[in-house]
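Asks: Structure supplied as model23.txt; contents: compact mmCIF, C-alpha atoms and all ligand atoms.
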# COMPACT_ATOMS: atom_id res chain seq x y z
CA MET A 1144 0.00 0.00 0.00
CA GLU A 1145 1.31 3.48 -0.94
CA GLU A 1146 1.47 6.31 1.57
CA ASN A 1147 -1.49 8.17 0.08
CA GLU A 1148 -3.56 4.97 0.23
CA VAL A 1149 -2.69 4.61 3.91
CA ILE A 1150 -3.86 8.18 4.52
CA GLU A 1151 -7.03 7.39 2.62
CA GLU A 1152 -7.63 4.36 4.84
CA LEU A 1153 -7.01 6.47 7.94
CA ARG A 1154 -9.56 8.96 6.70
CA LYS A 1155 -12.04 6.16 6.08
CA TYR A 1156 -11.52 4.86 9.61
CA ASN A 1157 -11.80 8.31 11.17
CA GLN A 1158 -8.24 8.96 12.36
CA PRO A 1159 -7.85 12.75 11.83
CA ARG A 1160 -5.29 13.21 14.60
CA LEU A 1161 -2.92 10.65 13.14
CA ILE A 1162 -3.31 12.23 9.69
CA ASP A 1163 -2.41 15.64 11.18
CA ILE A 1164 0.67 14.17 12.84
CA LEU A 1165 1.73 12.46 9.60
CA ASN A 1166 1.43 15.79 7.82
CA LYS A 1167 3.73 17.49 10.32
CA VAL A 1168 6.58 15.03 10.93
CA ASP A 1169 9.73 14.67 8.83
CA ASN A 1170 9.99 12.12 6.04
CA GLU A 1171 11.75 9.44 8.00
CA LYS A 1172 9.29 9.47 10.91
CA ARG A 1173 6.38 9.56 8.49
CA LYS A 1174 7.66 6.50 6.72
CA GLU A 1175 8.04 4.61 10.00
CA LEU A 1176 4.59 5.61 11.19
CA VAL A 1177 3.02 4.68 7.87
CA ASN A 1178 4.67 1.27 8.13
CA GLU A 1179 3.23 0.84 11.59
CA VAL A 1180 -0.24 1.75 10.37
CA LYS A 1181 0.06 -0.89 7.66
CA GLU A 1182 0.49 -3.49 10.40
CA ILE A 1183 -2.72 -2.46 12.12
CA ASN A 1184 -6.00 -4.05 11.25
CA LEU A 1185 -8.11 -0.91 10.86
CA LYS A 1186 -11.27 -2.93 10.46
CA GLU A 1187 -10.62 -4.37 13.90
CA LEU A 1188 -10.29 -0.84 15.18
CA GLU A 1189 -13.92 -0.30 14.33
CA ARG A 1190 -14.87 -3.34 16.37
CA LEU A 1191 -12.81 -2.04 19.29
CA TYR A 1192 -14.58 1.29 19.09
CA GLU A 1193 -17.97 -0.41 18.99
CA ASN A 1194 -16.93 -2.34 22.09
CA ILE A 1195 -16.26 0.85 24.06
CA LYS A 1196 -19.91 1.75 23.80
CA GLU A 1197 -21.17 -1.63 24.95
CA THR A 1198 -21.93 -2.30 28.58
CA ALA A 1199 -21.73 -5.68 30.23
CA ASP A 1200 -25.25 -6.63 31.14
CA VAL A 1201 -25.68 -9.81 33.10
CA ASP A 1202 -29.19 -11.06 33.74
CA VAL A 1203 -29.02 -13.09 36.92
CA GLY A 1204 -32.25 -14.91 36.04
CA GLU A 1205 -30.46 -16.83 33.29
CA LEU A 1206 -27.56 -17.99 35.42
CA LYS A 1207 -27.35 -21.35 37.12
CA PRO A 1208 -24.68 -22.85 39.37
CA VAL A 1209 -22.16 -25.27 37.89
CA LYS A 1210 -21.60 -28.86 38.92
CA SER A 1211 -18.12 -29.92 39.90
CA VAL A 1212 -16.27 -33.08 40.84
CA ASN A 1213 -15.19 -32.83 44.45
CA PRO A 1214 -12.19 -35.13 44.93
CA ASP A 1215 -12.96 -35.42 48.66
CA LYS A 1216 -16.27 -37.07 47.81
CA LEU A 1217 -14.88 -39.67 45.40
CA SER A 1218 -14.45 -43.30 46.37
CA LYS A 1219 -10.92 -44.69 46.13
CA GLU A 1220 -11.94 -46.64 42.99
CA GLU A 1221 -13.37 -43.57 41.29
CA TYR A 1222 -10.35 -41.49 42.20
CA ASP A 1223 -7.91 -44.10 40.93
CA GLU A 1224 -9.83 -44.54 37.71
CA TYR A 1225 -9.52 -40.82 36.92
CA GLU A 1226 -5.88 -40.76 37.95
CA ASN A 1227 -5.01 -43.72 35.77
CA LEU A 1228 -6.77 -42.28 32.75
CA GLY A 1229 -4.78 -39.08 33.20
CA ALA A 1230 -1.48 -40.82 33.89
CA ASP A 1231 -1.81 -42.80 30.65
CA VAL A 1232 -1.91 -39.56 28.65
CA ILE A 1233 1.28 -38.34 30.35
CA LYS A 1234 3.12 -41.65 30.01
CA ASN A 1235 2.24 -41.84 26.33
CA ASN A 1236 3.77 -38.40 25.63
CA LYS A 1237 0.44 -36.90 24.62
CA PHE A 1238 0.65 -33.97 26.98
CA ALA A 1239 2.26 -30.52 26.89
CA VAL A 1240 2.14 -27.45 29.10
CA VAL A 1241 1.93 -23.76 28.30
CA ILE A 1242 2.77 -21.06 30.83
CA MET A 1243 1.32 -17.67 30.03
CA ALA A 1244 3.91 -15.09 30.95
CA GLY A 1245 3.01 -12.21 28.66
CA GLY A 1246 1.29 -10.09 31.31
CA GLU A 1247 2.60 -6.73 32.48
CA GLY A 1248 2.28 -7.49 36.18
CA THR A 1249 1.39 -3.87 36.88
CA ARG A 1250 -0.17 -4.58 40.27
CA LEU A 1251 2.98 -6.26 41.56
CA GLY A 1252 5.03 -3.29 40.42
CA PHE A 1253 8.16 -5.39 39.83
CA ASN A 1254 10.50 -4.02 37.20
CA GLY A 1255 10.75 -7.04 34.91
CA PRO A 1256 8.67 -9.98 33.66
CA LYS A 1257 6.83 -11.65 36.54
CA GLY A 1258 8.53 -14.98 35.85
CA THR A 1259 11.85 -13.39 36.76
CA PHE A 1260 10.54 -12.31 40.16
CA LYS A 1261 12.21 -14.11 43.06
CA VAL A 1262 10.18 -15.24 46.04
CA ASN A 1263 11.69 -15.93 49.41
CA VAL A 1264 10.36 -19.47 49.84
CA GLU A 1265 11.85 -22.21 51.98
CA PRO A 1266 14.42 -23.67 51.94
CA GLU A 1267 15.87 -21.14 49.48
CA PRO A 1268 14.50 -18.29 47.36
CA LYS A 1269 13.28 -19.20 43.88
CA TYR A 1270 12.27 -17.39 40.71
CA LEU A 1271 8.72 -18.00 39.47
CA PHE A 1272 10.06 -19.65 36.31
CA GLU A 1273 12.20 -21.89 38.51
CA ILE A 1274 9.16 -22.95 40.55
CA MET A 1275 7.37 -23.86 37.29
CA ALA A 1276 10.39 -25.77 35.96
CA ASP A 1277 10.66 -27.73 39.22
CA SER A 1278 6.99 -28.56 39.17
CA ILE A 1279 7.07 -30.04 35.64
CA ALA A 1280 10.39 -31.77 36.28
CA ARG A 1281 8.91 -33.53 39.30
CA ALA A 1282 6.17 -34.97 37.10
CA ASN A 1283 8.72 -35.95 34.45
CA LYS A 1284 10.54 -37.96 37.06
CA LYS A 1285 7.36 -39.57 38.34
CA TYR A 1286 6.11 -40.63 34.89
CA GLY A 1287 9.44 -41.24 33.15
CA VAL A 1288 8.84 -38.68 30.38
CA THR A 1289 9.93 -35.18 29.36
CA ILE A 1290 6.93 -32.94 28.90
CA PRO A 1291 7.23 -30.22 26.23
CA TRP A 1292 7.05 -26.85 27.99
CA TYR A 1293 6.02 -23.69 26.13
CA ILE A 1294 6.17 -20.16 27.47
CA MET A 1295 3.97 -17.42 26.05
CA THR A 1296 5.75 -14.05 26.10
CA SER A 1297 4.81 -10.60 24.81
CA ASN A 1298 6.55 -8.24 22.40
CA LYS A 1299 7.65 -6.28 25.44
CA ASN A 1300 9.13 -9.05 27.54
CA ASN A 1301 10.09 -11.78 25.07
CA GLU A 1302 13.78 -10.93 24.84
CA GLN A 1303 14.14 -10.54 28.60
CA ILE A 1304 12.45 -13.87 29.26
CA VAL A 1305 14.41 -15.81 26.64
CA ASN A 1306 17.71 -14.36 27.90
CA PHE A 1307 16.76 -15.00 31.51
CA MET A 1308 15.98 -18.65 30.85
CA GLU A 1309 19.18 -19.06 28.87
CA GLU A 1310 21.27 -17.40 31.62
CA HIS A 1311 19.75 -19.72 34.21
CA ASN A 1312 20.23 -22.76 32.04
CA TYR A 1313 16.46 -23.33 31.92
CA PHE A 1314 16.66 -24.24 35.62
CA GLY A 1315 17.86 -27.67 34.62
CA TYR A 1316 14.90 -28.33 32.27
CA PRO A 1317 16.08 -29.96 29.01
CA LYS A 1318 16.45 -26.95 26.72
CA GLU A 1319 15.23 -28.77 23.63
CA TYR A 1320 11.88 -29.28 25.35
CA VAL A 1321 11.35 -25.58 26.08
CA GLY A 1322 9.67 -23.36 23.46
CA PHE A 1323 8.78 -19.69 23.48
CA PHE A 1324 6.09 -17.93 21.48
CA LYS A 1325 4.99 -14.32 21.44
CA GLN A 1326 1.39 -13.30 21.99
CA GLY A 1327 -0.37 -10.64 19.96
CA GLU A 1328 -1.03 -6.97 20.59
CA LEU A 1329 -3.99 -4.65 20.17
CA PRO A 1330 -3.79 -0.90 19.67
CA LEU A 1331 -4.98 1.41 22.44
CA ILE A 1332 -7.66 3.87 21.44
CA THR A 1333 -8.95 7.10 22.92
CA GLU A 1334 -12.55 7.60 23.92
CA ASP A 1335 -13.36 8.83 20.42
CA GLY A 1336 -11.78 5.82 18.77
CA GLN A 1337 -8.45 7.35 17.70
CA LEU A 1338 -5.12 5.62 17.67
CA ILE A 1339 -2.49 6.97 20.07
CA VAL A 1340 0.98 8.08 19.00
CA ASP A 1341 3.58 8.10 21.79
CA GLU A 1342 6.61 10.32 22.40
CA ASN A 1343 8.76 8.13 20.13
CA TYR A 1344 6.31 8.45 17.26
CA ASN A 1345 5.17 4.87 17.69
CA ILE A 1346 1.56 3.77 17.76
CA ARG A 1347 0.75 2.61 21.27
CA LYS A 1348 -0.23 -1.02 21.57
CA ALA A 1349 -0.47 -3.44 24.45
CA ALA A 1350 -0.44 -7.21 24.86
CA ASP A 1351 -3.88 -8.52 23.96
CA GLY A 1352 -4.60 -10.54 27.12
CA ASN A 1353 -4.17 -14.15 28.12
CA GLY A 1354 -6.95 -15.21 25.75
CA SER A 1355 -4.45 -14.46 23.00
CA VAL A 1356 -2.90 -17.83 23.72
CA PHE A 1357 -5.04 -19.78 21.22
CA LYS A 1358 -4.50 -17.57 18.17
CA SER A 1359 -0.86 -17.04 19.07
CA MET A 1360 -0.24 -20.79 19.32
CA HIS A 1361 -1.82 -21.13 15.90
CA GLU A 1362 -0.02 -18.20 14.28
CA ARG A 1363 3.40 -18.98 15.76
CA GLY A 1364 3.30 -22.60 14.65
CA VAL A 1365 3.06 -24.07 18.15
CA LEU A 1366 -0.18 -25.85 17.36
CA ASP A 1367 1.33 -27.55 14.32
CA GLU A 1368 4.42 -28.47 16.29
CA MET A 1369 2.26 -30.08 18.96
CA LYS A 1370 0.26 -31.96 16.34
CA GLU A 1371 3.48 -33.35 14.90
CA LYS A 1372 4.57 -34.45 18.35
CA GLY A 1373 1.30 -36.30 18.86
CA ILE A 1374 0.18 -34.04 21.71
CA GLU A 1375 -3.51 -34.43 22.53
CA TRP A 1376 -3.89 -32.42 25.74
CA VAL A 1377 -2.42 -29.10 26.79
CA TYR A 1378 -2.47 -27.55 30.22
CA ILE A 1379 -2.45 -23.76 30.06
CA GLY A 1380 -1.53 -22.08 33.34
CA GLN A 1381 -0.47 -18.72 34.66
CA ILE A 1382 3.03 -17.82 35.75
CA ASP A 1383 2.02 -16.24 39.03
CA ASN A 1384 0.39 -19.14 40.88
CA ILE A 1385 3.23 -20.75 42.82
CA LEU A 1386 1.12 -23.78 43.75
CA LEU A 1387 0.22 -24.43 40.10
CA LYS A 1388 0.32 -28.13 39.25
CA MET A 1389 0.24 -28.36 35.51
CA VAL A 1390 0.57 -32.10 35.32
CA ASP A 1391 -2.89 -32.59 36.76
CA THR A 1392 -3.77 -36.23 36.19
CA LEU A 1393 -7.07 -35.97 38.04
CA LEU A 1394 -8.24 -33.09 35.86
CA LEU A 1395 -7.17 -35.01 32.75
CA GLY A 1396 -8.94 -38.15 33.91
CA VAL A 1397 -12.17 -36.31 34.66
CA ALA A 1398 -12.10 -34.59 31.24
CA ILE A 1399 -11.57 -37.89 29.46
CA LYS A 1400 -14.16 -39.81 31.47
CA GLU A 1401 -16.78 -37.06 31.06
CA GLY A 1402 -15.94 -36.66 27.36
CA SER A 1403 -15.07 -32.96 27.69
CA GLU A 1404 -12.65 -31.01 25.50
CA ILE A 1405 -11.89 -28.58 28.33
CA ALA A 1406 -11.50 -29.03 32.07
CA THR A 1407 -10.85 -26.47 34.74
CA ARG A 1408 -9.90 -26.58 38.40
CA SER A 1409 -11.84 -24.24 40.63
CA VAL A 1410 -11.69 -23.23 44.26
CA PHE A 1411 -14.71 -22.40 46.36
CA LYS A 1412 -15.03 -18.82 47.56
CA ASP A 1413 -14.25 -18.20 51.24
CA PHE A 1414 -16.95 -15.55 51.46
CA PRO A 1415 -19.54 -14.21 48.98
CA ARG A 1416 -17.73 -10.98 48.14
CA GLU A 1417 -14.34 -12.52 47.59
CA ARG A 1418 -12.85 -10.90 44.48
CA MET A 1419 -12.73 -13.90 42.19
CA GLY A 1420 -14.29 -14.72 38.83
CA THR A 1421 -17.39 -16.87 39.31
CA LEU A 1422 -18.07 -20.03 37.34
CA CYS A 1423 -21.71 -20.45 36.38
CA LEU A 1424 -23.94 -21.79 33.63
CA LYS A 1425 -25.53 -19.46 31.11
CA ASN A 1426 -27.92 -21.13 28.68
CA GLY A 1427 -26.38 -24.40 29.80
CA LYS A 1428 -22.81 -23.36 28.99
CA VAL A 1429 -20.02 -22.70 31.46
CA LYS A 1430 -19.15 -19.05 31.77
CA VAL A 1431 -16.91 -17.01 34.04
CA ILE A 1432 -18.26 -13.74 35.35
CA GLU A 1433 -15.65 -11.33 36.60
CA TYR A 1434 -16.03 -10.15 40.18
CA SER A 1435 -16.65 -6.61 39.03
CA GLU A 1436 -19.58 -7.78 36.90
CA ILE A 1437 -21.33 -10.19 39.27
CA PRO A 1438 -24.91 -9.08 39.85
CA GLU A 1439 -25.79 -8.36 43.46
CA ASP A 1440 -28.46 -11.13 43.80
CA MET A 1441 -25.96 -13.67 42.61
CA ILE A 1442 -23.43 -12.75 45.27
CA GLU A 1443 -25.81 -13.52 48.10
CA ALA A 1444 -27.67 -16.46 46.50
CA LYS A 1445 -27.74 -19.60 48.65
CA ASN A 1446 -28.95 -23.17 48.20
CA GLU A 1447 -31.41 -24.95 50.52
CA ASN A 1448 -28.54 -25.85 52.88
CA GLY A 1449 -27.51 -22.23 53.22
CA GLU A 1450 -24.35 -22.71 51.12
CA MET A 1451 -23.20 -20.19 48.53
CA LEU A 1452 -24.87 -21.04 45.24
CA PHE A 1453 -22.22 -19.36 43.10
CA GLY A 1454 -19.10 -20.15 45.11
CA GLU A 1455 -17.18 -22.09 42.46
CA SER A 1456 -14.46 -19.75 41.24
CA ASN A 1457 -12.05 -19.51 38.37
CA ILE A 1458 -8.34 -19.83 39.20
CA THR A 1459 -7.04 -20.03 35.60
CA CYS A 1460 -6.04 -23.69 35.90
CA ASN A 1461 -7.22 -24.92 32.51
CA LEU A 1462 -6.79 -28.02 30.44
CA PHE A 1463 -7.64 -28.11 26.73
CA SER A 1464 -7.63 -30.84 24.15
CA LEU A 1465 -5.51 -29.89 21.16
CA LYS A 1466 -8.68 -30.08 19.08
CA ALA A 1467 -10.30 -27.50 21.34
CA ILE A 1468 -7.33 -25.14 20.97
CA ASP A 1469 -7.49 -25.55 17.22
CA LYS A 1470 -11.19 -24.72 17.21
CA ILE A 1471 -10.86 -21.70 19.52
CA SER A 1472 -7.94 -20.33 17.52
CA GLN A 1473 -10.36 -19.89 14.58
CA GLU A 1474 -12.92 -17.97 16.64
CA ASN A 1475 -13.07 -14.32 17.69
CA LEU A 1476 -13.07 -13.99 21.45
CA PRO A 1477 -14.83 -10.93 22.87
CA TYR A 1478 -12.82 -7.91 24.01
CA HIS A 1479 -12.59 -6.77 27.62
CA LYS A 1480 -11.72 -3.15 28.03
CA ALA A 1481 -9.87 -1.19 30.70
CA HIS A 1482 -10.22 2.58 30.91
CA LYS A 1483 -6.81 4.06 31.72
CA LYS A 1484 -4.65 7.16 31.55
CA TYR A 1485 -2.26 7.21 28.63
CA SER A 1486 -0.15 10.13 27.46
CA TYR A 1487 -0.62 10.87 23.78
CA MET A 1488 0.63 13.10 20.97
CA ASP A 1489 -1.86 15.76 19.93
CA GLU A 1490 -2.42 17.05 16.39
CA ASN A 1491 0.46 19.54 16.88
CA CYS A 1492 2.88 16.76 17.87
CA LYS A 1493 2.84 17.84 21.53
CA ILE A 1494 2.71 15.18 24.23
CA VAL A 1495 -0.32 15.53 26.50
CA GLU A 1496 -0.41 13.98 29.98
CA PRO A 1497 -4.10 13.48 30.80
CA GLU A 1498 -5.37 13.89 34.34
CA GLU A 1499 -8.25 11.49 33.91
CA PRO A 1500 -8.54 8.14 32.13
CA ASN A 1501 -8.69 9.00 28.44
CA ALA A 1502 -8.18 5.75 26.56
CA TYR A 1503 -8.92 2.06 26.42
CA LYS A 1504 -6.76 -1.03 26.50
CA PHE A 1505 -8.31 -4.25 25.19
CA GLU A 1506 -7.75 -7.83 26.19
CA TYR A 1507 -9.00 -11.30 25.36
CA PHE A 1508 -9.59 -13.56 28.34
CA ILE A 1509 -8.82 -17.25 28.26
CA PHE A 1510 -12.08 -18.20 29.96
CA ASP A 1511 -14.21 -16.71 27.18
CA SER A 1512 -13.18 -19.75 25.15
CA PHE A 1513 -15.48 -21.87 27.34
CA GLU A 1514 -18.52 -20.53 25.58
CA PHE A 1515 -17.69 -22.35 22.36
CA PHE A 1516 -18.26 -25.71 24.07
CA ASN A 1517 -21.40 -27.40 25.29
CA GLN A 1518 -19.70 -29.08 28.18
CA ILE A 1519 -16.73 -28.37 30.41
CA SER A 1520 -15.52 -30.50 33.30
CA ILE A 1521 -14.85 -28.82 36.61
CA VAL A 1522 -12.80 -30.26 39.45
CA ARG A 1523 -13.00 -28.58 42.83
CA GLY A 1524 -9.51 -27.72 44.01
CA LYS A 1525 -8.32 -26.43 47.33
CA ARG A 1526 -6.73 -23.11 48.02
CA GLU A 1527 -4.01 -24.55 50.21
CA GLU A 1528 -3.15 -27.17 47.59
CA ASP A 1529 -3.71 -25.38 44.28
CA PHE A 1530 -3.83 -21.64 44.51
CA ALA A 1531 -1.13 -19.26 45.72
CA PRO A 1532 -1.28 -16.32 43.31
CA ILE A 1533 1.06 -13.34 43.32
CA LYS A 1534 -0.89 -10.39 41.97
CA ASN A 1535 -0.41 -7.47 44.36
CA LYS A 1536 2.62 -5.90 46.00
CA GLU A 1537 1.11 -6.39 49.44
CA GLY A 1538 -2.08 -7.55 51.15
CA VAL A 1539 -4.24 -10.21 49.48
CA GLN A 1540 -2.66 -12.33 46.73
CA SER A 1541 0.77 -10.87 47.41
CA PRO A 1542 4.23 -12.47 47.70
CA GLU A 1543 3.71 -12.68 51.46
CA THR A 1544 0.44 -14.65 51.30
CA ALA A 1545 1.67 -16.85 48.44
CA ILE A 1546 4.94 -17.70 50.17
CA LYS A 1547 3.06 -18.78 53.28
CA LEU A 1548 0.76 -21.05 51.25
CA TYR A 1549 3.76 -22.47 49.38
CA ASN A 1550 5.81 -23.16 52.51
CA ASP A 1551 2.86 -24.72 54.32
CA TYR A 1552 2.12 -26.90 51.30
CA TRP A 1553 5.69 -28.18 51.10
CA ARG A 1554 5.79 -28.88 54.81
CA ARG A 1555 2.75 -31.12 54.34
CA HIS A 1556 4.16 -32.73 51.16
CA ALA A 1557 7.84 -32.94 52.11
CA ASP A 1558 8.05 -36.51 50.81
CA GLU A 1559 7.15 -35.36 47.25
CA ARG A 1560 10.02 -32.87 46.94
CA MET A 1561 12.76 -33.83 44.54
P1 LIG B 1 -3.29 -11.10 34.99
O1 LIG B 1 -4.58 -10.88 34.31
O2 LIG B 1 -3.32 -11.29 36.44
O3 LIG B 1 -2.35 -9.89 34.59
O4 LIG B 1 -2.59 -12.29 34.28
P2 LIG B 1 -0.85 -9.54 34.91
O5 LIG B 1 -0.35 -8.88 33.69
O6 LIG B 1 -0.03 -10.68 35.38
O7 LIG B 1 -0.93 -8.51 36.09
P3 LIG B 1 -1.59 -7.05 36.18
O8 LIG B 1 -3.06 -7.24 35.96
O9 LIG B 1 -0.94 -6.18 35.14
O10 LIG B 1 -1.25 -6.64 37.57
C1 LIG B 1 -2.92 -13.64 34.50
C2 LIG B 1 -1.94 -14.48 33.72
O11 LIG B 1 -2.09 -14.21 32.32
C3 LIG B 1 -0.86 -13.80 31.78
C4 LIG B 1 -0.05 -13.27 32.94
O12 LIG B 1 1.33 -13.31 32.64
C5 LIG B 1 -0.46 -14.22 34.03
O13 LIG B 1 0.22 -15.44 33.92
N1 LIG B 1 -1.11 -12.77 30.75
C6 LIG B 1 -1.90 -11.70 31.02
C7 LIG B 1 -0.52 -12.94 29.52
O14 LIG B 1 0.21 -13.93 29.27
N2 LIG B 1 -0.76 -11.99 28.58
C8 LIG B 1 -1.52 -10.90 28.80
O15 LIG B 1 -1.68 -10.08 27.88
C9 LIG B 1 -2.12 -10.75 30.05
Would you mind writing the structure in this file as structure tokens?

Replies:
Amino acid sequence: MEENEVIEELRKYNQPRLIDILNKVDNEKRKELVNEVKEINLKELERLYENIKETADVDVGELKPVKSVNPDKLSKEEYDEYENLGADVIKNNKFAVVIMAGGEGTRLGFNGPKGTFKVNVEPEPKYLFEIMADSIARANKKYGVTIPWYIMTSNKNNEQIVNFMEEHNYFGYPKEYVGFFKQGELPLITEDGQLIVDENYNIRKAADGNGSVFKSMHERGVLDEMKEKGIEWVYIGQIDNILLKMVDTLLLGVAIKEGSEIATRSVFKDFPRERMGTLCLKNGKVKVIEYSEIPEDMIEAKNENGEMLFGESNITCNLFSLKAIDKISQENLPYHKAHKKYSYMDENCKIVEPEEPNAYKFEYFIFDSFEFFNQISIVRGKREEDFAPIKNKEGVQSPETAIKLYNDYWRRHADERM
């Protein structure tokens, strides 16, 4: 596309500010900016703008509680049957793991990718990537295999993560079994739908959320690579849960036995207003409703025994069949928007620092993929066994709370340490 055609497109998609900037900058900068515009899907921009105007409207009347498998209520035979089904998948090299590490970790406020954050656990401090490597390596030893391990990075942190892993010798994980792939990005837009140019004359974009994992696996060739390796099941987990157990044979077994393409581990809320995404059924399909969007009546709803009706919560511990990933990668997940403050270049090429939120960042969420399936298996996990997230600098879900959960867990499971 020629420069004048790009300008024409920008006019068509209502980007007057960017056109003004292009008219004012020198040739070299204009060329660079034009090249950046060519990379942007302007049609998608329209969809993003449409999304700004939409409001999330949840009708509580349609929502029903989900059913889950509670391991504590299984007989030994049932439990073993699930476990064996799952273990067979691992032993037959049909299983891979993906760690999503493309997030910005803004709440933690650590200057670097979250995976390179070191936590002061017993008996010695460990990096988050190291904790993940240890966890998969333990399973490798148990099942006599080497599980392919993929790490999703972002444009921003890919180089840092790859170098970090190399410098630390992949924490002893066989290097040829570790793969990296970059997730996508979406442009930020102002309240009136305009692209933002930053102080370096670049168009501002941000990682497009953890739901990017499916398309990114497809576009970066990871899906094909897995197919070639004969992988049938993929666990996709988050970097910041230091009790994450990716090689979850029970979850695998339940998915297989129930004939589901997706399975997820939940934990039950401690109290109704706990800030967690809620798992529920909408028109018979499993859906996660973010804590900020849960309708009031749903929060307090109870069953006949006085228990929370919508207590089952999402902890981003998800298992997908490769077929499911393939299918989702062809679909468009919905956008979730965040209204934030971003500095921007005005039509006179001056940088403006807004005092109020002025623009939107968009993300895909991994759990929105559930809606493409009629059935999803859910296994009730336990906080003290499965969920020690590091989200905030202090307080809830902080290094302090996660370290305590981790240390307590390993005191109880000392015999399983390597
Ligand atoms: P969060 O949604 O908690 O975001 O990510 P975050 O980036 O880690 O932290 P904040 O919100 O900026 O404080 C959950 C998981 O999804 C990954 C994160 O790395 C984490 O493992 N993630 C998130 C991505 O891989 N890409 C993204 O674009 C966003």

Asks: List all protein, DNA and RNA residues that have at least one atom no more than 9 Å from any atom of ligand LIG 1 (chain B), counting all atoms listed in the file, and write them as a ChimeraX atom specification.

Replies: /A:1242-1252,1256-1258,1294-1297,1326-1328,1349-1356,1380-1384,1459,1506-1509,1532-1535

Asks: Measuring atom to atom with all atoms listed in the file, identify which of A:Glu1179, A:Asp1367, A:Glu1559, A:Glu1496 is nearest to Asp1277 in chain A.

Replies: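 That would be A:Glu1559, the residue with the smallest distance to Asp1277 in chain A.
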
Asks: With all atoms listed in the file as the atoms that count, which of A:Lys1196, A:His1311, A:Arg1560, A:Lys1466 lies nearest to Val1377 in chain A?

Replies: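 Smallest distance to Val1377 in chain A is found for A:Lys1466.
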
Asks: Could you build a table of the residues in range 1220-1256 of chain A lying no more than 10 Å from range 1280-1285 of chain A, giving for each the nearest pair of atoms and their separation in Å rounded to one decimal place, using only C-alpha atoms, ordered by chain and ascending residue number, as CSV?

Replies:
residue,atom,partner,partner_atom,distance
A:Ala1230,CA,A:Lys1285,CA,10.0
A:Ile1233,CA,A:Asn1283,CA,8.8
A:Lys1234,CA,A:Asn1283,CA,9.1

Asks: Between CA of Gln1518 in chain A and CA of Ala1239 in chain A, what is the spacing in Å?

Replies: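 According to the coordinates, CA of Ala1239 in chain A and CA of Gln1518 in chain A are separated by 22.0 Å.
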
Asks: Considering all atoms listed in the file, return as a VMD selection string whatever protein or nucleic-acid residues lie within 9 Å of range 1498-1501 of chain A, sequence-local ones (same chain, fewer than 5 positions apart) excluded.

Replies: chain A and resid 1332 to 1334 1482 to 1486

Asks: Enclose range 1145-1164 of chain A, meaning all of its atoms listed in the file, in a box aligned along x, y and z, pad it by 4 Å on each side, and list the centre and edge lengths in Å to one decimal, as JSON.

Replies:
{"center_x": -5.3, "center_y": 9.6, "center_z": 6.8, "size_x": 21.5, "size_y": 20.2, "size_z": 23.5}

Asks: Can you measure CA of Glu1273 in chain A to CA of Val1431 in chain A for me? One decimal in Å is fine.

Replies: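 Calculated distance between CA of Glu1273 in chain A and CA of Val1431 in chain A is 29.9 Å.
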
Asks: Record the distance separating CA of Phe1414 in chain A and CA of Glu1450 in chain A, expressed in Å with one decimal.

Replies: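 We find that CA of Phe1414 in chain A and CA of Glu1450 in chain A lie 10.3 Å from each other.
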
Asks: Considering only C-alpha atoms, can you say which of A:Tyr1156, A:Tyr1344, A:Phe1411, A:Phe1314 comes closest to Lys1186 in chain A?

Replies: A:Tyr1156

Asks: From the options A:Ile1339, A:Ile1379, A:Leu1161, A:Met1451, which residue's atoms come nearest to Asp1413 in chain A, counting only C-alpha atoms?

Replies: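 The closest residue to Asp1413 in chain A is A:Met1451.
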
Asks: Give as a PyMOL selection string the set of residues within 12 Å of the point (-3.8, -16.3, 43.0), where distances use the file's coordinates and all atoms listed in the file.

Replies: chain A and resi 1380-1387+1409-1410+1418-1420+1456-1460+1525-1535+1539-1546+1548-1549

Asks: Please dump the current selection as a short mmCIF file (atom, residue, chain, number, x, y, z; two decimals), in the frame of the given file; keep C-alpha atoms.

Replies:
data_model
loop_
_atom_site.label_atom_id
_atom_site.label_comp_id
_atom_site.auth_asym_id
_atom_site.auth_seq_id
_atom_site.Cartn_x
_atom_site.Cartn_y
_atom_site.Cartn_z
CA GLY A 1380 -1.53 -22.08 33.34
CA GLN A 1381 -0.47 -18.72 34.66
CA ILE A 1382 3.03 -17.82 35.75
CA ASP A 1383 2.02 -16.24 39.03
CA ASN A 1384 0.39 -19.14 40.88
CA ILE A 1385 3.23 -20.75 42.82
CA LEU A 1386 1.12 -23.78 43.75
CA LEU A 1387 0.22 -24.43 40.10
CA SER A 1409 -11.84 -24.24 40.63
CA VAL A 1410 -11.69 -23.23 44.26
CA ARG A 1418 -12.85 -10.90 44.48
CA MET A 1419 -12.73 -13.90 42.19
CA GLY A 1420 -14.29 -14.72 38.83
CA SER A 1456 -14.46 -19.75 41.24
CA ASN A 1457 -12.05 -19.51 38.37
CA ILE A 1458 -8.34 -19.83 39.20
CA THR A 1459 -7.04 -20.03 35.60
CA CYS A 1460 -6.04 -23.69 35.90
CA LYS A 1525 -8.32 -26.43 47.33
CA ARG A 1526 -6.73 -23.11 48.02
CA GLU A 1527 -4.01 -24.55 50.21
CA GLU A 1528 -3.15 -27.17 47.59
CA ASP A 1529 -3.71 -25.38 44.28
CA PHE A 1530 -3.83 -21.64 44.51
CA ALA A 1531 -1.13 -19.26 45.72
CA PRO A 1532 -1.28 -16.32 43.31
CA ILE A 1533 1.06 -13.34 43.32
CA LYS A 1534 -0.89 -10.39 41.97
CA ASN A 1535 -0.41 -7.47 44.36
CA VAL A 1539 -4.24 -10.21 49.48
CA GLN A 1540 -2.66 -12.33 46.73
CA SER A 1541 0.77 -10.87 47.41
CA PRO A 1542 4.23 -12.47 47.70
CA GLU A 1543 3.71 -12.68 51.46
CA THR A 1544 0.44 -14.65 51.30
CA ALA A 1545 1.67 -16.85 48.44
CA ILE A 1546 4.94 -17.70 50.17
CA LEU A 1548 0.76 -21.05 51.25
CA TYR A 1549 3.76 -22.47 49.38
#
